[in-house]
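The structure appears below as structure tokens.
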Amino acid sequence: PSALRPENFDKVIAERRQIEVLLVGLGRKPARLPDPIAWQLREAGIRFDVMTTGAAARTYSIMLGENRKVAAALVPVD
């Protein structure tokens with residue numbers, strides 16, 4: 001998570017009208033989204049939920065199956 005920068009979310013911001021919720025997977029262990037990114041998303045009106053990458057991927061699949069407007073930003077795990 002510490003390697004993430006606000007500019008990593010520029011495409012998400014650009015597509016914000018198409019996103020109901022953004023799932024953010026931050027690796028194997030629970031972590032917080034860095035404050036500058038959290039504020040950037042809030043100011044853009046994007047609801048987000050931060051969790052482990054595995055949980056985010058599973059939740060994304062479920063929400064997509066429900067035809068929800070969902071997006072995911074996933075930090076890869078080994």
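Residues in the structure tokens are numbered from 1 in each chain, the chains being A, B, ... in the order shown, and ligands are numbered from 1 in the order shown.
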- Message: Which of chain A end up as helix (DSSP H, G or I) when DSSP is run on this backbone - answer as a ChimeraX atom specification?
- Response: /A:6-14,16-18,35-43,53-65
Preceding selection exported with N, CA and C atoms as an mmCIF file, in the first residue's frame:
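That gives us result07.cif:
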data_model
loop_
_atom_site.group_PDB
_atom_site.id
_atom_site.type_symbol
_atom_site.label_atom_id
_atom_site.label_comp_id
_atom_site.auth_asym_id
_atom_site.auth_seq_id
_atom_site.Cartn_x
_atom_site.Cartn_y
_atom_site.Cartn_z
ATOM 1 N N PRO A 6 -1.631 8.693 -5.627
ATOM 2 C CA PRO A 6 -2.921 9.166 -6.141
ATOM 3 C C PRO A 6 -3.068 9.023 -7.647
ATOM 4 N N GLU A 7 -1.985 9.225 -8.398
ATOM 5 C CA GLU A 7 -2.083 9.126 -9.857
ATOM 6 C C GLU A 7 -2.383 7.702 -10.329
ATOM 7 N N ASN A 8 -2.157 6.705 -9.463
ATOM 8 C CA ASN A 8 -2.516 5.331 -9.814
ATOM 9 C C ASN A 8 -4.025 5.177 -9.979
ATOM 10 N N PHE A 9 -4.794 6.116 -9.460
ATOM 11 C CA PHE A 9 -6.246 6.030 -9.485
ATOM 12 C C PHE A 9 -6.878 7.002 -10.478
ATOM 13 N N ASP A 10 -6.077 7.579 -11.355
ATOM 14 C CA ASP A 10 -6.597 8.534 -12.341
ATOM 15 C C ASP A 10 -7.674 7.922 -13.233
ATOM 16 N N LYS A 11 -7.485 6.695 -13.688
ATOM 17 C CA LYS A 11 -8.487 6.046 -14.551
ATOM 18 C C LYS A 11 -9.779 5.783 -13.791
ATOM 19 N N VAL A 12 -9.665 5.438 -12.527
ATOM 20 C CA VAL A 12 -10.853 5.226 -11.700
ATOM 21 C C VAL A 12 -11.622 6.539 -11.582
ATOM 22 N N ILE A 13 -10.925 7.610 -11.315
ATOM 23 C CA ILE A 13 -11.560 8.930 -11.199
ATOM 24 C C ILE A 13 -12.252 9.288 -12.511
ATOM 25 N N ALA A 14 -11.594 9.027 -13.629
ATOM 26 C CA ALA A 14 -12.165 9.356 -14.938
ATOM 27 C C ALA A 14 -13.448 8.573 -15.214
ATOM 28 N N ARG A 16 -15.609 7.500 -12.843
ATOM 29 C CA ARG A 16 -16.388 7.485 -11.603
ATOM 30 C C ARG A 16 -17.897 7.392 -11.801
ATOM 31 N N ARG A 17 -18.416 7.892 -12.879
ATOM 32 C CA ARG A 17 -19.865 7.832 -13.093
ATOM 33 C C ARG A 17 -20.342 6.414 -13.414
ATOM 34 N N GLN A 18 -19.416 5.555 -13.778
ATOM 35 C CA GLN A 18 -19.740 4.170 -14.101
ATOM 36 C C GLN A 18 -19.493 3.224 -12.933
ATOM 37 N N ASP A 35 -4.007 7.886 3.172
ATOM 38 C CA ASP A 35 -4.943 9.011 3.297
ATOM 39 C C ASP A 35 -5.087 9.857 2.037
ATOM 40 N N PRO A 36 -4.008 10.224 1.333
ATOM 41 C CA PRO A 36 -4.198 11.048 0.129
ATOM 42 C C PRO A 36 -5.086 10.366 -0.915
ATOM 43 N N ILE A 37 -4.983 9.065 -1.028
ATOM 44 C CA ILE A 37 -5.809 8.340 -2.009
ATOM 45 C C ILE A 37 -7.244 8.244 -1.506
ATOM 46 N N ALA A 38 -7.417 7.958 -0.225
ATOM 47 C CA ALA A 38 -8.767 7.884 0.335
ATOM 48 C C ALA A 38 -9.496 9.211 0.145
ATOM 49 N N TRP A 39 -8.816 10.314 0.417
ATOM 50 C CA TRP A 39 -9.450 11.628 0.245
ATOM 51 C C TRP A 39 -9.723 11.924 -1.226
ATOM 52 N N GLN A 40 -8.820 11.524 -2.099
ATOM 53 C CA GLN A 40 -9.028 11.722 -3.534
ATOM 54 C C GLN A 40 -10.300 11.009 -3.989
ATOM 55 N N LEU A 41 -10.484 9.772 -3.551
ATOM 56 C CA LEU A 41 -11.668 9.006 -3.936
ATOM 57 C C LEU A 41 -12.929 9.614 -3.334
ATOM 58 N N ARG A 42 -12.863 9.999 -2.071
ATOM 59 C CA ARG A 42 -14.038 10.628 -1.432
ATOM 60 C C ARG A 42 -14.437 11.907 -2.151
ATOM 61 N N GLU A 43 -13.458 12.742 -2.471
ATOM 62 C CA GLU A 43 -13.747 14.008 -3.148
ATOM 63 C C GLU A 43 -14.341 13.791 -4.534
ATOM 64 N N THR A 53 -6.561 -8.658 -0.979
ATOM 65 C CA THR A 53 -6.745 -8.861 -2.418
ATOM 66 C C THR A 53 -7.656 -10.046 -2.707
ATOM 67 N N GLY A 54 -7.474 -11.145 -1.991
ATOM 68 C CA GLY A 54 -8.322 -12.318 -2.210
ATOM 69 C C GLY A 54 -9.785 -12.015 -1.951
ATOM 70 N N ALA A 55 -10.069 -11.340 -0.860
ATOM 71 C CA ALA A 55 -11.444 -10.977 -0.525
ATOM 72 C C ALA A 55 -12.022 -10.013 -1.562
ATOM 73 N N ALA A 56 -11.208 -9.084 -2.022
ATOM 74 C CA ALA A 56 -11.677 -8.127 -3.031
ATOM 75 C C ALA A 56 -12.013 -8.837 -4.341
ATOM 76 N N ALA A 57 -11.180 -9.798 -4.735
ATOM 77 C CA ALA A 57 -11.443 -10.535 -5.978
ATOM 78 C C ALA A 57 -12.725 -11.346 -5.863
ATOM 79 N N ARG A 58 -12.937 -11.998 -4.739
ATOM 80 C CA ARG A 58 -14.165 -12.781 -4.542
ATOM 81 C C ARG A 58 -15.392 -11.878 -4.513
ATOM 82 N N THR A 59 -15.299 -10.780 -3.794
ATOM 83 C CA THR A 59 -16.420 -9.848 -3.699
ATOM 84 C C THR A 59 -16.739 -9.240 -5.061
ATOM 85 N N TYR A 60 -15.703 -8.923 -5.832
ATOM 86 C CA TYR A 60 -15.886 -8.387 -7.182
ATOM 87 C C TYR A 60 -16.703 -9.367 -8.023
ATOM 88 N N SER A 61 -16.343 -10.640 -7.982
ATOM 89 C CA SER A 61 -17.058 -11.644 -8.779
ATOM 90 C C SER A 61 -18.524 -11.728 -8.379
ATOM 91 N N ILE A 62 -18.795 -11.694 -7.084
ATOM 92 C CA ILE A 62 -20.179 -11.756 -6.611
ATOM 93 C C ILE A 62 -20.962 -10.536 -7.075
ATOM 94 N N MET A 63 -20.381 -9.354 -6.879
ATOM 95 C CA MET A 63 -21.088 -8.123 -7.246
ATOM 96 C C MET A 63 -21.292 -8.026 -8.753
ATOM 97 N N LEU A 64 -20.314 -8.474 -9.514
ATOM 98 C CA LEU A 64 -20.450 -8.475 -10.966
ATOM 99 C C LEU A 64 -21.597 -9.393 -11.374
ATOM 100 N N GLY A 65 -21.710 -10.539 -10.714
ATOM 101 C CA GLY A 65 -22.817 -11.465 -10.977
ATOM 102 C C GLY A 65 -24.165 -10.873 -10.629
#
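Nearest residue to Arg28 of chain A among A:Asp49, A:Glu15, A:Asp78, A:Glu66 is A:Asp78, counting only C-alpha atoms.
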- Item | Residues within 7 Å of Ala71 of chain A, only C-alpha atoms, excluding chain neighbours under 4 positions, as a PyMOL selection string | chain A and resi 19+21-23
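Remark: for Ala73 of chain A, the closest of the candidate residues A:Phe48, A:Ser2, A:Lys29, A:Glu20 is A:Phe48 (distances computed over only C-alpha atoms).
Among A:Arg47, A:Asn67, A:Leu33, A:Thr52, the residue with the shortest atom-to-atom distance to Ala3 of chain A, counting only C-alpha atoms, is A:Leu33.
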- Name the residues of chain A that come out as strand (DSSP E) in a backbone DSSP run; write them as a PyMOL selection string. chain A and resi 21-25+48-51+70-74
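Between atom CA of Val70 of chain A and atom CA of Val24 of chain A lies a distance of 10.8 Å.
Interatomic distance, atom CA of Pro1 of chain A to atom CA of Pro34 of chain A: 7.0 Å.
Interatomic distance, atom CA of Val77 of chain A against atom CA of Gly27 of chain A: 5.6 Å.
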